[in-house]
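Some notes on the structure that comes next.
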Amino acid sequence: MEQFKSNPMVTKQDLLSWSGVPRSSFYYKRGDGLRRRKPSEMTITQDGELIENTVVLQDVENILQQEFCCYGYKNVWDELKQKGYIINHKKVYRLMKVHNLLFNRRIGSIGVPRQFVRFRKIRAEKPLEHLCMDIKYIHIHGAQRNALLLTVIDAYSRKVLTHMLRFNIKKGDVVILLSLLLMEYKIENITLRNDNGSQFIAGVVRQFLKEKGVNQEFTHVATPEERLHRSLEQQCSTRGCGAL
């Protein structure tokens, strides 16, 4: 083919036709990556201010640290909108996925190893033998926002032993609630079930329960003892709760 290149009468199309090389293959140029628009590095606020995504990511991390750990990207998206960001839920998902902040992220053991339940249904034979602790979202109509309801119930009598309703529940609040509970009922050798919320797997909470001789075990999703907590959430959501 080199001998035809010096001939001005021979076109490139002729060369491709004689050699049997498709035009698409000859002109193809490999790209650097996927054919899509480059993700934006800035996020706009309701005031028209452009904020770097690194700042938005810091707000996301603060939300996950301060609020209930069951926050998925949609709940985080709602919180960011309340903070004044004009942001798409897909962008929130992308930021959280890239930085390993999605809800199904791996949670490592901290201090005391976690003990998971062997039986999905509790076989309580007497009161104050097995307790269940859980957190649910409750919409406060007067405040136009969600609050967190932390309850501890007796698996045998289905009685609510104590509860806490706040806009923000941290691991320290869980320790305070459990301290008051143990002082009031003077219970020993009990088993406390809870899910894998960030407040419950916190090292300070697990160490506190270990020092008090409480056997803490972690459940899986949709265990029978969560039904009361779900009923409380549904009743408050349907009837409405007043301002805190």
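Letters A, B, ... mark the chains of the structure tokens in the order given; residue numbers begin at 1 per chain; ligand numbers begin at 1, in order shown.
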If you count only C-alpha atoms, which residues fall within 8 Å of stretch 85-89 of chain A, apart from same-chain ones fewer than 5 positions away, as a CSV table (one decimal) with N, CA and C atoms, in the first residue's frame?
```
chain,number,residue,atom,x,y,z
A,43,THR,N,-21.9,22.4,43.7
A,43,THR,CA,-23.3,22.2,44.0
A,43,THR,C,-23.9,23.6,44.4
A,44,ILE,N,-25.0,24.0,43.8
A,44,ILE,CA,-25.6,25.3,44.0
A,44,ILE,C,-26.6,25.2,45.2
A,45,THR,N,-26.7,26.3,45.9
A,45,THR,CA,-27.6,26.4,47.0
A,45,THR,C,-28.8,27.3,46.6
A,46,GLN,N,-29.8,27.3,47.5
A,46,GLN,CA,-31.0,28.1,47.2
A,46,GLN,C,-30.6,29.6,47.2
A,73,TYR,N,-29.5,7.0,50.9
A,73,TYR,CA,-29.1,8.3,50.2
A,73,TYR,C,-30.3,9.2,50.0
A,74,LYS,N,-31.5,8.6,50.0
A,74,LYS,CA,-32.7,9.5,49.9
A,74,LYS,C,-33.0,10.3,51.1
A,77,TRP,N,-30.5,12.9,51.1
A,77,TRP,CA,-30.9,13.9,50.1
A,77,TRP,C,-31.9,14.9,50.7
A,80,LEU,N,-30.1,17.3,53.0
A,80,LEU,CA,-29.3,18.3,52.3
A,80,LEU,C,-30.2,19.4,51.7
```
Contacts of stretch 176-188 of chain A at 8 Å or less, counting only C-alpha atoms, minus same-chain residues fewer than 3 places along, as a ChimeraX atom specification? /A:128,161-164,172-173,213-214
If you run DSSP on the backbone here, which positions in stretch 52-159 of chain A get strand (DSSP E)? Please write them as a PyMOL selection string. chain A and resi 52+85-86+130-140+145-154
Residue selection dump (N, CA and C atoms) as a PDB file, in the first residue's frame:
```pdb
ATOM      1  N   GLU A  52     -18.332  23.675  46.736  1.00  0.00           N
ATOM      2  CA  GLU A  52     -17.578  22.527  46.265  1.00  0.00           C
ATOM      3  C   GLU A  52     -18.165  21.236  46.835  1.00  0.00           C
ATOM      4  N   TYR A  85     -29.421  23.089  49.943  1.00  0.00           N
ATOM      5  CA  TYR A  85     -28.785  22.659  48.698  1.00  0.00           C
ATOM      6  C   TYR A  85     -29.842  22.372  47.625  1.00  0.00           C
ATOM      7  N   ILE A  86     -29.534  22.746  46.407  1.00  0.00           N
ATOM      8  CA  ILE A  86     -30.329  22.337  45.251  1.00  0.00           C
ATOM      9  C   ILE A  86     -29.546  21.220  44.580  1.00  0.00           C
ATOM     10  N   HIS A 130     -35.896 -10.682  78.563  1.00  0.00           N
ATOM     11  CA  HIS A 130     -35.428 -10.244  77.257  1.00  0.00           C
ATOM     12  C   HIS A 130     -36.032  -8.872  76.952  1.00  0.00           C
ATOM     13  N   LEU A 131     -35.184  -7.922  76.613  1.00  0.00           N
ATOM     14  CA  LEU A 131     -35.623  -6.578  76.235  1.00  0.00           C
ATOM     15  C   LEU A 131     -35.268  -6.325  74.773  1.00  0.00           C
ATOM     16  N   CYS A 132     -36.036  -5.454  74.140  1.00  0.00           N
ATOM     17  CA  CYS A 132     -35.801  -5.098  72.738  1.00  0.00           C
ATOM     18  C   CYS A 132     -35.701  -3.585  72.628  1.00  0.00           C
ATOM     19  N   MET A 133     -34.697  -3.118  71.921  1.00  0.00           N
ATOM     20  CA  MET A 133     -34.463  -1.687  71.754  1.00  0.00           C
ATOM     21  C   MET A 133     -34.436  -1.355  70.265  1.00  0.00           C
ATOM     22  N   ASP A 134     -35.111  -0.272  69.897  1.00  0.00           N
ATOM     23  CA  ASP A 134     -35.179   0.091  68.485  1.00  0.00           C
ATOM     24  C   ASP A 134     -35.430   1.585  68.356  1.00  0.00           C
ATOM     25  N   ILE A 135     -35.141   2.121  67.163  1.00  0.00           N
ATOM     26  CA  ILE A 135     -35.367   3.528  66.841  1.00  0.00           C
ATOM     27  C   ILE A 135     -36.221   3.591  65.583  1.00  0.00           C
ATOM     28  N   LYS A 136     -37.243   4.451  65.612  1.00  0.00           N
ATOM     29  CA  LYS A 136     -38.118   4.634  64.467  1.00  0.00           C
ATOM     30  C   LYS A 136     -38.269   6.125  64.174  1.00  0.00           C
ATOM     31  N   TYR A 137     -38.547   6.410  62.902  1.00  0.00           N
ATOM     32  CA  TYR A 137     -38.821   7.777  62.488  1.00  0.00           C
ATOM     33  C   TYR A 137     -40.268   8.124  62.806  1.00  0.00           C
ATOM     34  N   ILE A 138     -40.496   9.278  63.389  1.00  0.00           N
ATOM     35  CA  ILE A 138     -41.825   9.785  63.675  1.00  0.00           C
ATOM     36  C   ILE A 138     -41.925  11.205  63.112  1.00  0.00           C
ATOM     37  N   HIS A 139     -42.938  11.428  62.287  1.00  0.00           N
ATOM     38  CA  HIS A 139     -43.101  12.762  61.707  1.00  0.00           C
ATOM     39  C   HIS A 139     -43.813  13.681  62.694  1.00  0.00           C
ATOM     40  N   ILE A 140     -43.183  14.793  62.996  1.00  0.00           N
ATOM     41  CA  ILE A 140     -43.743  15.798  63.896  1.00  0.00           C
ATOM     42  C   ILE A 140     -44.379  16.880  63.035  1.00  0.00           C
ATOM     43  N   ARG A 145     -41.005  18.135  60.361  1.00  0.00           N
ATOM     44  CA  ARG A 145     -39.788  17.354  60.172  1.00  0.00           C
ATOM     45  C   ARG A 145     -39.914  16.038  60.937  1.00  0.00           C
ATOM     46  N   ASN A 146     -38.987  15.138  60.686  1.00  0.00           N
ATOM     47  CA  ASN A 146     -38.986  13.841  61.351  1.00  0.00           C
ATOM     48  C   ASN A 146     -38.189  13.897  62.649  1.00  0.00           C
ATOM     49  N   ALA A 147     -38.664  13.159  63.619  1.00  0.00           N
ATOM     50  CA  ALA A 147     -37.932  12.970  64.866  1.00  0.00           C
ATOM     51  C   ALA A 147     -37.631  11.487  65.021  1.00  0.00           C
ATOM     52  N   LEU A 148     -36.837  11.154  66.020  1.00  0.00           N
ATOM     53  CA  LEU A 148     -36.454   9.774  66.283  1.00  0.00           C
ATOM     54  C   LEU A 148     -37.053   9.323  67.603  1.00  0.00           C
ATOM     55  N   LEU A 149     -37.699   8.174  67.570  1.00  0.00           N
ATOM     56  CA  LEU A 149     -38.296   7.594  68.765  1.00  0.00           C
ATOM     57  C   LEU A 149     -37.506   6.359  69.168  1.00  0.00           C
ATOM     58  N   LEU A 150     -36.843   6.429  70.304  1.00  0.00           N
ATOM     59  CA  LEU A 150     -36.078   5.312  70.860  1.00  0.00           C
ATOM     60  C   LEU A 150     -36.905   4.672  71.956  1.00  0.00           C
ATOM     61  N   THR A 151     -37.208   3.395  71.829  1.00  0.00           N
ATOM     62  CA  THR A 151     -38.016   2.685  72.816  1.00  0.00           C
ATOM     63  C   THR A 151     -37.321   1.403  73.251  1.00  0.00           C
ATOM     64  N   VAL A 152     -37.565   1.021  74.486  1.00  0.00           N
ATOM     65  CA  VAL A 152     -37.106  -0.258  75.027  1.00  0.00           C
ATOM     66  C   VAL A 152     -38.341  -0.981  75.556  1.00  0.00           C
ATOM     67  N   ILE A 153     -38.615  -2.170  75.059  1.00  0.00           N
ATOM     68  CA  ILE A 153     -39.809  -2.916  75.456  1.00  0.00           C
ATOM     69  C   ILE A 153     -39.409  -4.261  76.051  1.00  0.00           C
ATOM     70  N   ASP A 154     -40.311  -4.779  76.879  1.00  0.00           N
ATOM     71  CA  ASP A 154     -40.139  -6.107  77.460  1.00  0.00           C
ATOM     72  C   ASP A 154     -40.750  -7.125  76.511  1.00  0.00           C
TER      73      ASP A 154
END
```
Taking into account only C-alpha atoms, which residue in the set A:Val98, A:Val92, A:Ile190, A:Val21 is nearest to A:Pro127? A:Ile190
Taken to one decimal, the atom CA of A:Arg166-atom CA of A:Asn194 distance is 18.6 Å
Mind giving me the straight-line distance from atom CA of A:Tyr156 to atom CA of A:Glu129 in Å, one decimal? 7.7 Å
Any idea what's packed within 12 Å of A:Gln13, counting only C-alpha atoms, ignoring anything in its chain fewer than 5 positions away? Could you give it as a PyMOL selection string? chain A and resi 5+18-24+26-27
Written file, previous selection with C-alpha atoms, as an mmCIF file, in the first residue's frame:
```cif
data_model
loop_
_atom_site.group_PDB
_atom_site.id
_atom_site.type_symbol
_atom_site.label_atom_id
_atom_site.label_comp_id
_atom_site.auth_asym_id
_atom_site.auth_seq_id
_atom_site.Cartn_x
_atom_site.Cartn_y
_atom_site.Cartn_z
ATOM 1 C CA LYS A 5 0.554 6.736 -1.184
ATOM 2 C CA TRP A 18 -8.815 -2.380 -1.995
ATOM 3 C CA SER A 19 -7.572 -3.500 1.430
ATOM 4 C CA GLY A 20 -11.038 -4.412 2.714
ATOM 5 C CA VAL A 21 -10.672 -2.253 5.835
ATOM 6 C CA PRO A 22 -13.996 -0.647 6.940
ATOM 7 C CA ARG A 23 -14.011 3.132 7.169
ATOM 8 C CA SER A 24 -15.347 2.954 10.738
ATOM 9 C CA PHE A 26 -9.858 3.117 10.076
ATOM 10 C CA TYR A 27 -11.175 6.332 11.626
#
```
Distance in Å - atom CA of A:Phe218 versus atom CA of A:Ile169: 18.9 Å
